[in-house]
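Printed here is structure.pdb (PDB, C-alpha atoms and all ligand atoms):
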```pdb
ATOM      1  CA  MET A   1      95.549-121.496-223.986  1.00  0.00           C
ATOM      2  CA  ASP A   2      94.864-124.726-222.072  1.00  0.00           C
ATOM      3  CA  TYR A   3      91.444-125.179-220.556  1.00  0.00           C
ATOM      4  CA  GLN A   4      89.018-127.769-219.352  1.00  0.00           C
ATOM      5  CA  LEU A   5      85.679-127.704-221.170  1.00  0.00           C
ATOM      6  CA  ILE A   6      82.561-128.758-219.317  1.00  0.00           C
ATOM      7  CA  ARG A   7      79.424-128.946-221.416  1.00  0.00           C
ATOM      8  CA  SER A   8      75.994-129.016-219.802  1.00  0.00           C
ATOM      9  CA  LYS A   9      72.386-127.968-220.281  1.00  0.00           C
ATOM     10  CA  ARG A  10      73.255-124.354-219.478  1.00  0.00           C
ATOM     11  CA  LYS A  11      72.423-121.533-221.914  1.00  0.00           C
ATOM     12  CA  THR A  12      75.469-119.305-221.558  1.00  0.00           C
ATOM     13  CA  LEU A  13      79.240-119.529-221.506  1.00  0.00           C
ATOM     14  CA  SER A  14      81.188-119.007-218.333  1.00  0.00           C
ATOM     15  CA  LEU A  15      84.845-118.962-217.358  1.00  0.00           C
ATOM     16  CA  GLN A  16      86.306-119.860-214.033  1.00  0.00           C
ATOM     17  CA  ILE A  17      89.847-120.116-212.755  1.00  0.00           C
ATOM     18  CA  ASN A  18      90.154-122.858-210.177  1.00  0.00           C
ATOM     19  CA  ARG A  19      92.459-122.951-207.176  1.00  0.00           C
ATOM     20  CA  ASN A  20      95.252-124.520-209.220  1.00  0.00           C
ATOM     21  CA  ALA A  21      95.101-121.589-211.634  1.00  0.00           C
ATOM     22  CA  GLN A  22      93.503-123.743-214.341  1.00  0.00           C
ATOM     23  CA  LEU A  23      90.903-122.346-216.689  1.00  0.00           C
ATOM     24  CA  ILE A  24      87.502-124.062-216.598  1.00  0.00           C
ATOM     25  CA  VAL A  25      85.055-123.247-219.383  1.00  0.00           C
ATOM     26  CA  ARG A  26      81.373-124.106-219.026  1.00  0.00           C
ATOM     27  CA  ALA A  27      79.370-124.168-222.210  1.00  0.00           C
ATOM     28  CA  PRO A  28      76.011-125.290-223.615  1.00  0.00           C
ATOM     29  CA  HIS A  29      75.994-128.728-225.232  1.00  0.00           C
ATOM     30  CA  ARG A  30      75.838-127.667-228.866  1.00  0.00           C
ATOM     31  CA  LEU A  31      77.812-124.432-228.879  1.00  0.00           C
ATOM     32  CA  PRO A  32      80.492-124.691-231.628  1.00  0.00           C
ATOM     33  CA  ILE A  33      84.062-124.852-230.388  1.00  0.00           C
ATOM     34  CA  GLN A  34      85.036-121.824-232.522  1.00  0.00           C
ATOM     35  CA  GLN A  35      82.608-119.626-230.605  1.00  0.00           C
ATOM     36  CA  ILE A  36      84.015-120.895-227.353  1.00  0.00           C
ATOM     37  CA  GLU A  37      87.554-120.115-228.500  1.00  0.00           C
ATOM     38  CA  VAL A  38      86.594-116.592-229.556  1.00  0.00           C
ATOM     39  CA  PHE A  39      84.972-116.025-226.179  1.00  0.00           C
ATOM     40  CA  ILE A  40      88.157-117.165-224.425  1.00  0.00           C
ATOM     41  CA  GLN A  41      90.259-114.958-226.715  1.00  0.00           C
ATOM     42  CA  ASN A  42      88.162-111.909-225.812  1.00  0.00           C
ATOM     43  CA  LYS A  43      88.596-112.603-222.134  1.00  0.00           C
ATOM     44  CA  SER A  44      92.305-113.312-222.334  1.00  0.00           C
ATOM     45  CA  ASN A  45      93.323-110.238-220.321  1.00  0.00           C
ATOM     46  CA  TRP A  46      91.010-111.136-217.494  1.00  0.00           C
ATOM     47  CA  ILE A  47      92.270-114.736-217.582  1.00  0.00           C
ATOM     48  CA  LYS A  48      95.901-113.647-217.457  1.00  0.00           C
ATOM     49  CA  GLN A  49      95.354-111.321-214.497  1.00  0.00           C
ATOM     50  CA  LYS A  50      93.401-113.891-212.591  1.00  0.00           C
ATOM     51  CA  THR A  51      95.823-116.786-213.162  1.00  0.00           C
ATOM     52  CA  GLN A  52      98.813-114.587-212.386  1.00  0.00           C
ATOM     53  CA  ALA A  53      97.290-113.550-209.067  1.00  0.00           C
ATOM     54  CA  LEU A  54      96.587-117.169-208.199  1.00  0.00           C
ATOM     55  CA  GLN A  55     100.023-118.345-209.207  1.00  0.00           C
ATOM     56  CA  ASN A  56     101.560-115.718-206.970  1.00  0.00           C
ATOM     57  CA  GLN A  57      99.554-117.122-204.103  1.00  0.00           C
ATOM     58  CA  ILE A  58     100.487-120.669-204.949  1.00  0.00           C
ATOM     59  CA  ILE A  59     104.194-119.904-204.909  1.00  0.00           C
ATOM     60  CA  LYS A  60     104.126-117.740-201.810  1.00  0.00           C
ATOM     61  CA  LYS A  61     106.963-118.369-199.408  1.00  0.00           C
ATOM     62  CA  PRO A  62     106.368-121.133-196.887  1.00  0.00           C
ATOM     63  CA  ASP A  63     105.744-120.338-193.229  1.00  0.00           C
ATOM     64  CA  TYR A  64     107.684-123.437-192.125  1.00  0.00           C
ATOM     65  CA  LEU A  65     104.883-124.571-189.859  1.00  0.00           C
ATOM     66  CA  THR A  66     104.016-128.127-188.922  1.00  0.00           C
ATOM     67  CA  GLY A  67     102.078-129.778-191.725  1.00  0.00           C
ATOM     68  CA  GLU A  68     103.532-127.743-194.593  1.00  0.00           C
ATOM     69  CA  LYS A  69     104.988-129.916-197.310  1.00  0.00           C
ATOM     70  CA  PHE A  70     108.364-129.726-198.979  1.00  0.00           C
ATOM     71  CA  LEU A  71     109.643-131.298-202.153  1.00  0.00           C
ATOM     72  CA  TYR A  72     112.291-133.959-202.157  1.00  0.00           C
ATOM     73  CA  LEU A  73     113.006-135.931-205.340  1.00  0.00           C
ATOM     74  CA  GLY A  74     109.650-134.929-206.775  1.00  0.00           C
ATOM     75  CA  ASN A  75     107.551-135.953-203.769  1.00  0.00           C
ATOM     76  CA  ARG A  76     106.131-133.775-201.023  1.00  0.00           C
ATOM     77  CA  TYR A  77     106.862-134.528-197.406  1.00  0.00           C
ATOM     78  CA  PRO A  78     105.405-132.771-194.378  1.00  0.00           C
ATOM     79  CA  LEU A  79     107.406-130.753-191.921  1.00  0.00           C
ATOM     80  CA  ILE A  80     107.096-131.185-188.182  1.00  0.00           C
ATOM     81  CA  ARG A  81     108.326-128.415-185.930  1.00  0.00           C
ATOM     82  CA  GLN A  82     109.289-129.779-182.554  1.00  0.00           C
ATOM     83  CA  THR A  83     111.605-129.372-179.640  1.00  0.00           C
ATOM     84  CA  THR A  84     114.841-131.157-180.412  1.00  0.00           C
ATOM     85  CA  LEU A  85     118.292-131.207-178.999  1.00  0.00           C
ATOM     86  CA  ASN A  86     119.917-129.726-182.051  1.00  0.00           C
ATOM     87  CA  ASN A  87     118.833-127.139-184.569  1.00  0.00           C
ATOM     88  CA  ARG A  88     119.456-129.154-187.703  1.00  0.00           C
ATOM     89  CA  LEU A  89     116.799-130.169-190.180  1.00  0.00           C
ATOM     90  CA  VAL A  90     116.354-133.933-190.245  1.00  0.00           C
ATOM     91  CA  PHE A  91     114.568-136.074-192.819  1.00  0.00           C
ATOM     92  CA  ASP A  92     113.633-139.626-191.809  1.00  0.00           C
ATOM     93  CA  GLY A  93     112.274-140.785-195.165  1.00  0.00           C
ATOM     94  CA  LYS A  94     108.730-139.707-194.330  1.00  0.00           C
ATOM     95  CA  VAL A  95     108.840-136.329-192.629  1.00  0.00           C
ATOM     96  CA  PHE A  96     111.125-133.369-192.174  1.00  0.00           C
ATOM     97  CA  LYS A  97     111.761-132.519-188.537  1.00  0.00           C
ATOM     98  CA  LEU A  98     113.011-129.191-187.386  1.00  0.00           C
ATOM     99  CA  SER A  99     113.474-127.565-184.036  1.00  0.00           C
ATOM    100  CA  HIS A 100     111.243-124.585-183.154  1.00  0.00           C
ATOM    101  CA  ASN A 101     114.128-122.214-182.792  1.00  0.00           C
ATOM    102  CA  SER A 102     115.983-122.996-186.018  1.00  0.00           C
ATOM    103  CA  ASP A 103     116.292-120.625-188.943  1.00  0.00           C
ATOM    104  CA  ALA A 104     114.066-122.752-191.149  1.00  0.00           C
ATOM    105  CA  ALA A 105     114.927-121.340-194.566  1.00  0.00           C
ATOM    106  CA  SER A 106     118.672-121.633-194.096  1.00  0.00           C
ATOM    107  CA  GLU A 107     118.271-125.140-192.666  1.00  0.00           C
ATOM    108  CA  PHE A 108     116.356-126.185-195.758  1.00  0.00           C
ATOM    109  CA  TYR A 109     119.008-124.702-198.043  1.00  0.00           C
ATOM    110  CA  ARG A 110     121.734-126.458-196.111  1.00  0.00           C
ATOM    111  CA  TRP A 111     119.857-129.760-196.204  1.00  0.00           C
ATOM    112  CA  TYR A 112     119.060-129.491-199.940  1.00  0.00           C
ATOM    113  CA  LYS A 113     122.666-128.757-200.732  1.00  0.00           C
ATOM    114  CA  SER A 114     124.045-131.663-198.741  1.00  0.00           C
ATOM    115  CA  ALA A 115     121.396-134.029-200.147  1.00  0.00           C
ATOM    116  CA  PHE A 116     122.238-132.822-203.645  1.00  0.00           C
ATOM    117  CA  LYS A 117     125.888-133.703-203.151  1.00  0.00           C
ATOM    118  CA  LYS A 118     124.965-137.260-202.243  1.00  0.00           C
ATOM    119  CA  ILE A 119     122.347-137.673-204.956  1.00  0.00           C
ATOM    120  CA  ALA A 120     123.597-135.717-207.933  1.00  0.00           C
ATOM    121  CA  LEU A 121     127.379-135.781-207.853  1.00  0.00           C
ATOM    122  CA  PRO A 122     127.564-139.577-208.351  1.00  0.00           C
ATOM    123  CA  ARG A 123     125.218-139.171-211.334  1.00  0.00           C
ATOM    124  CA  LEU A 124     127.399-136.453-212.782  1.00  0.00           C
ATOM    125  CA  ASP A 125     130.456-138.689-212.617  1.00  0.00           C
ATOM    126  CA  TYR A 126     128.514-141.668-213.895  1.00  0.00           C
ATOM    127  CA  TYR A 127     127.401-139.882-217.078  1.00  0.00           C
ATOM    128  CA  SER A 128     130.710-138.095-217.435  1.00  0.00           C
ATOM    129  CA  ASP A 129     132.673-141.372-217.379  1.00  0.00           C
ATOM    130  CA  LEU A 130     130.232-143.373-219.448  1.00  0.00           C
ATOM    131  CA  TYR A 131     130.032-140.832-222.289  1.00  0.00           C
ATOM    132  CA  GLN A 132     133.557-139.446-222.012  1.00  0.00           C
ATOM    133  CA  LEU A 133     132.319-135.931-221.310  1.00  0.00           C
ATOM    134  CA  LYS A 134     135.042-134.620-219.031  1.00  0.00           C
ATOM    135  CA  TYR A 135     134.207-131.538-217.017  1.00  0.00           C
ATOM    136  CA  ASN A 136     136.713-129.333-215.284  1.00  0.00           C
ATOM    137  CA  LYS A 137     135.189-128.136-211.998  1.00  0.00           C
ATOM    138  CA  ILE A 138     131.781-128.512-210.462  1.00  0.00           C
ATOM    139  CA  HIS A 139     130.066-125.789-208.409  1.00  0.00           C
ATOM    140  CA  LEU A 140     126.794-126.056-206.571  1.00  0.00           C
ATOM    141  CA  LYS A 141     124.720-122.915-206.183  1.00  0.00           C
ATOM    142  CA  LYS A 142     121.158-121.944-205.559  1.00  0.00           C
ATOM    143  CA  GLN A 143     119.966-119.886-208.477  1.00  0.00           C
ATOM    144  CA  LYS A 144     116.740-118.157-209.333  1.00  0.00           C
ATOM    145  CA  THR A 145     116.640-118.772-213.043  1.00  0.00           C
ATOM    146  CA  LEU A 146     119.155-121.406-214.109  1.00  0.00           C
ATOM    147  CA  TRP A 147     119.178-125.115-213.343  1.00  0.00           C
ATOM    148  CA  GLY A 148     122.710-125.454-214.539  1.00  0.00           C
ATOM    149  CA  SER A 149     125.354-124.046-216.818  1.00  0.00           C
ATOM    150  CA  CYS A 150     128.560-125.079-218.509  1.00  0.00           C
ATOM    151  CA  SER A 151     131.301-122.536-219.147  1.00  0.00           C
ATOM    152  CA  SER A 152     133.621-122.311-222.149  1.00  0.00           C
ATOM    153  CA  THR A 153     136.261-123.941-219.944  1.00  0.00           C
ATOM    154  CA  ASN A 154     133.886-126.791-219.074  1.00  0.00           C
ATOM    155  CA  ASN A 155     133.205-125.747-215.524  1.00  0.00           C
ATOM    156  CA  ILE A 156     129.758-126.937-214.580  1.00  0.00           C
ATOM    157  CA  ASN A 157     127.330-125.196-212.241  1.00  0.00           C
ATOM    158  CA  LEU A 158     124.351-127.073-210.889  1.00  0.00           C
ATOM    159  CA  ASN A 159     121.492-125.559-208.946  1.00  0.00           C
ATOM    160  CA  TYR A 160     121.131-127.578-205.770  1.00  0.00           C
ATOM    161  CA  LEU A 161     117.452-126.634-205.430  1.00  0.00           C
ATOM    162  CA  LEU A 162     117.016-129.466-207.949  1.00  0.00           C
ATOM    163  CA  THR A 163     117.044-131.764-204.905  1.00  0.00           C
ATOM    164  CA  GLY A 164     113.291-131.162-204.887  1.00  0.00           C
ATOM    165  CA  ALA A 165     112.907-132.459-208.438  1.00  0.00           C
ATOM    166  CA  PRO A 166     112.475-136.086-209.536  1.00  0.00           C
ATOM    167  CA  MET A 167     115.658-138.012-210.274  1.00  0.00           C
ATOM    168  CA  SER A 168     114.805-137.948-213.980  1.00  0.00           C
ATOM    169  CA  ALA A 169     114.855-134.139-213.947  1.00  0.00           C
ATOM    170  CA  ILE A 170     118.156-134.056-212.060  1.00  0.00           C
ATOM    171  CA  ASP A 171     119.619-136.483-214.597  1.00  0.00           C
ATOM    172  CA  TYR A 172     118.308-134.327-217.418  1.00  0.00           C
ATOM    173  CA  VAL A 173     120.009-131.166-216.139  1.00  0.00           C
ATOM    174  CA  ILE A 174     123.256-133.066-215.581  1.00  0.00           C
ATOM    175  CA  VAL A 175     123.187-134.610-219.049  1.00  0.00           C
ATOM    176  CA  HIS A 176     122.223-131.262-220.577  1.00  0.00           C
ATOM    177  CA  GLU A 177     125.249-129.524-219.059  1.00  0.00           C
ATOM    178  CA  LEU A 178     127.611-132.407-219.827  1.00  0.00           C
ATOM    179  CA  SER A 179     126.427-132.351-223.439  1.00  0.00           C
ATOM    180  CA  HIS A 180     127.578-128.726-223.631  1.00  0.00           C
ATOM    181  CA  ILE A 181     131.126-130.008-223.223  1.00  0.00           C
ATOM    182  CA  LYS A 182     130.799-131.328-226.749  1.00  0.00           C
ATOM    183  CA  HIS A 183     128.385-128.760-228.183  1.00  0.00           C
ATOM    184  CA  LYS A 184     128.530-125.174-226.879  1.00  0.00           C
ATOM    185  CA  ASN A 185     125.081-124.371-228.218  1.00  0.00           C
ATOM    186  CA  HIS A 186     121.576-125.762-228.500  1.00  0.00           C
ATOM    187  CA  SER A 187     121.970-127.076-232.042  1.00  0.00           C
ATOM    188  CA  GLN A 188     120.301-130.201-233.354  1.00  0.00           C
ATOM    189  CA  ASP A 189     123.551-132.089-232.706  1.00  0.00           C
ATOM    190  CA  PHE A 190     123.377-131.002-229.091  1.00  0.00           C
ATOM    191  CA  TRP A 191     119.789-132.236-228.657  1.00  0.00           C
ATOM    192  CA  ASN A 192     120.604-135.459-230.480  1.00  0.00           C
ATOM    193  CA  LEU A 193     123.363-136.109-227.972  1.00  0.00           C
ATOM    194  CA  VAL A 194     121.051-135.396-225.030  1.00  0.00           C
ATOM    195  CA  GLN A 195     118.435-137.700-226.510  1.00  0.00           C
ATOM    196  CA  SER A 196     120.922-140.486-227.180  1.00  0.00           C
ATOM    197  CA  ILE A 197     121.783-140.471-223.469  1.00  0.00           C
ATOM    198  CA  LEU A 198     118.275-139.820-222.122  1.00  0.00           C
ATOM    199  CA  PRO A 199     115.646-140.854-224.681  1.00  0.00           C
ATOM    200  CA  ASP A 200     112.851-139.544-222.445  1.00  0.00           C
ATOM    201  CA  TYR A 201     114.463-136.198-221.608  1.00  0.00           C
ATOM    202  CA  LYS A 202     111.427-134.231-222.806  1.00  0.00           C
ATOM    203  CA  THR A 203     109.291-135.539-219.947  1.00  0.00           C
ATOM    204  CA  ALA A 204     111.895-134.403-217.429  1.00  0.00           C
ATOM    205  CA  ARG A 205     112.213-131.030-219.136  1.00  0.00           C
ATOM    206  CA  LYS A 206     108.445-130.598-218.991  1.00  0.00           C
ATOM    207  CA  TRP A 207     108.405-131.424-215.288  1.00  0.00           C
ATOM    208  CA  LEU A 208     110.897-128.625-214.688  1.00  0.00           C
ATOM    209  CA  LYS A 209     108.894-126.231-216.819  1.00  0.00           C
ATOM    210  CA  ASP A 210     105.656-127.019-215.009  1.00  0.00           C
ATOM    211  CA  ASN A 211     106.955-127.377-211.462  1.00  0.00           C
ATOM    212  CA  GLY A 212     110.272-125.592-211.470  1.00  0.00           C
ATOM    213  CA  HIS A 213     108.927-122.459-209.784  1.00  0.00           C
ATOM    214  CA  GLN A 214     108.064-124.545-206.734  1.00  0.00           C
ATOM    215  CA  LEU A 215     111.680-125.590-206.304  1.00  0.00           C
ATOM    216  CA  HIS A 216     112.584-121.961-205.618  1.00  0.00           C
ATOM    217  CA  ASN A 217     109.916-121.787-202.975  1.00  0.00           C
ATOM    218  CA  LEU A 218     112.044-121.882-199.845  1.00  0.00           C
TER     219      LEU A 218
HETATM  220 ZN    ZN B   1     121.970-125.478-222.459  1.00  0.00          ZN
END
```

Step by step, read the file and then write its structure as structure tokens.
Amino acid sequence: MDYQLIRSKRKTLSLQINRNAQLIVRAPHRLPIQQIEVFIQNKSNWIKQKTQALQNQIIKKPDYLTGEKFLYLGNRYPLIRQTTLNNRLVFDGKVFKLSHNSDAASEFYRWYKSAFKKIALPRLDYYSDLYQLKYNKIHLKKQKTLWGSCSSTNNINLNYLLTGAPMSAIDYVIVHELSHIKHKNHSQDFWNLVQSILPDYKTARKWLKDNGHQLHNL
């Protein structure tokens, strides 16, 4: 279990879950680390409940109000609700703008999908050509659990909610699925191929693991 340890002059141990659902442990200066770990172990149920509750809050659905922030290529940009002539979501490089009477969620989906086409499809073809990994068809979908998939007939699906992720994470998913054209499994050969194309793929994979749930938050 990950935690932040803060030692001080205090006499007792205490646990706290902060607003980001991180565990903070406060302990006396000289208390051995083993005792601290045992204490955390004994409280693991409480910790799980508490962090789960907080995480649920963190990933609650947006209200699409002015000031709320939305991910685009790994950065967060604020939304402004305003009166506009059309109902489309617009992004000017700094803020998202949306008319008061638009269906916000569907506008965001539409915008993410069209942005994904412009951002990701050229990358797909770039890697496909460069590494001679020829796919059959490409489909874009929004999916709850998968970032992408590659069928036995080399049809590739990509989750367009990845528009919220950094370019490195988008590249990673693309390269991952293209690598399945050669290796229909997650064998060492498969990972070697991914790594030969993207030496730093683990950082991108970790970003998705840590932040991926937020990409579904529309
Ligand atoms: Zn895979």

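Residue membership of the PyMOL selection byres (((not hetatm)) within 9 of (chain B and resi 1)) in the shown file amounts to A:Gly148, A:Ser149, A:Cys150, A:Val173, A:His176, A:Glu177, A:Ser179, A:His180, A:Lys184, A:Asn185, A:His186, A:Phe190.
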
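Among the candidates A:Leu146, A:Leu31, A:Ile174, A:Ile17, the residue lying nearest to His213 of chain A is A:Leu146 (atoms considered: only C-alpha atoms).
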
Quick one: which segment 119-138 of chain A residues come within 8 Å of segment 154-164 of chain A, and what is the nearest atom pair for each with the distance in Å to one decimal, counting only C-alpha atoms, rows ordered by chain and ascending number, as JSON lines?
```
{"residue": "A:Ile119", "atom": "CA", "partner": "A:Thr163", "partner_atom": "CA", "distance": 7.9}
{"residue": "A:Lys134", "atom": "CA", "partner": "A:Asn154", "partner_atom": "CA", "distance": 7.9}
{"residue": "A:Tyr135", "atom": "CA", "partner": "A:Asn154", "partner_atom": "CA", "distance": 5.2}
{"residue": "A:Asn136", "atom": "CA", "partner": "A:Asn155", "partner_atom": "CA", "distance": 5.0}
{"residue": "A:Lys137", "atom": "CA", "partner": "A:Asn155", "partner_atom": "CA", "distance": 4.7}
{"residue": "A:Ile138", "atom": "CA", "partner": "A:Ile156", "partner_atom": "CA", "distance": 4.9}
```

Residues selected by the PyMOL selection byres (((chain A and resi 112) around 12) and not hetatm), written as a PyMOL selection string: chain A and resi 70-73+89-91+96+105-111+113-120+140-142+159-165+215-216+218

Residues in the PyMOL selection byres (((chain A and resi 44-56) around 12) and not hetatm), expressed as a VMD selection string: chain A and resid 1 to 3 14 to 25 37 to 43 57 to 61 210 to 211 213 to 214 217

Neighbour list for Lys11 of chain A as a PyMOL selection string, cut-off 10 Å, all atoms listed in the file, skip fewer than 2 positions in-chain: chain A and resi 8-9+13-14+26-31

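Relative to atom CA of Ser168 of chain A, atom CA of Leu198 of chain A is found at 9.0 Å.
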
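Across the model, the gap from atom CA of Pro62 of chain A to atom CA of Arg205 of chain A is 25.0 Å.
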
Separation of atom CA of Tyr172 of chain A from atom CA of Val194 of chain A in Å: 8.2 Å

Residues near Glu68 of chain A, cut-off 9 Å, all atoms listed in the file, skip fewer than 6 positions along chain, as number ranges by chain: A: 62, 77-80

Show me as an mmCIF file with C-alpha atoms, in the coordinates of the input the residues that reach within 7 Å of (111.6, -130.5, -184.8), counting only C-alpha atoms and using the file's own coordinates.
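Final output, selection31.cif:
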```cif
data_model
loop_
_atom_site.group_PDB
_atom_site.id
_atom_site.type_symbol
_atom_site.label_atom_id
_atom_site.label_comp_id
_atom_site.auth_asym_id
_atom_site.auth_seq_id
_atom_site.Cartn_x
_atom_site.Cartn_y
_atom_site.Cartn_z
ATOM 1 C CA ILE A 80 107.096 -131.185 -188.182
ATOM 2 C CA ARG A 81 108.326 -128.415 -185.930
ATOM 3 C CA GLN A 82 109.289 -129.779 -182.554
ATOM 4 C CA THR A 83 111.605 -129.372 -179.640
ATOM 5 C CA THR A 84 114.841 -131.157 -180.412
ATOM 6 C CA LYS A 97 111.761 -132.519 -188.537
ATOM 7 C CA LEU A 98 113.011 -129.191 -187.386
ATOM 8 C CA SER A 99 113.474 -127.565 -184.036
ATOM 9 C CA HIS A 100 111.243 -124.585 -183.154
#
```

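Take the candidates A:Leu133, A:Ser128, A:Leu85, A:Ala169 and check each one against Lys202 of chain A using only C-alpha atoms; the shortest distance goes to A:Ala169.
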
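Taking all atoms listed in the file into account, Lys69 of chain A lies nearest to A:Lys94 out of the set A:Lys94, A:Arg7, A:His183, A:Arg88.
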
Segment 131-138 of chain A: axis-aligned bounding box, 4 Å on each side, centre and edge lengths in Å, one decimal, as AutoDock Vina command-line options:
```
--center_x 133.4 --center_y -134.5 --center_z -216.4 --size_x 14.7 --size_y 20.7 --size_z 19.8
```

From A:Gln195, A:Asn86, A:Ser152, A:Asn75, residue lying nearest Met167 of chain A [all atoms listed in the file]: A:Asn75

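Residue nearest Tyr131 of chain A within the list A:Ser196, A:Ser187, A:Ser151, A:Ser102: A:Ser196 [criterion: smallest interatomic distance, all atoms listed in the file].
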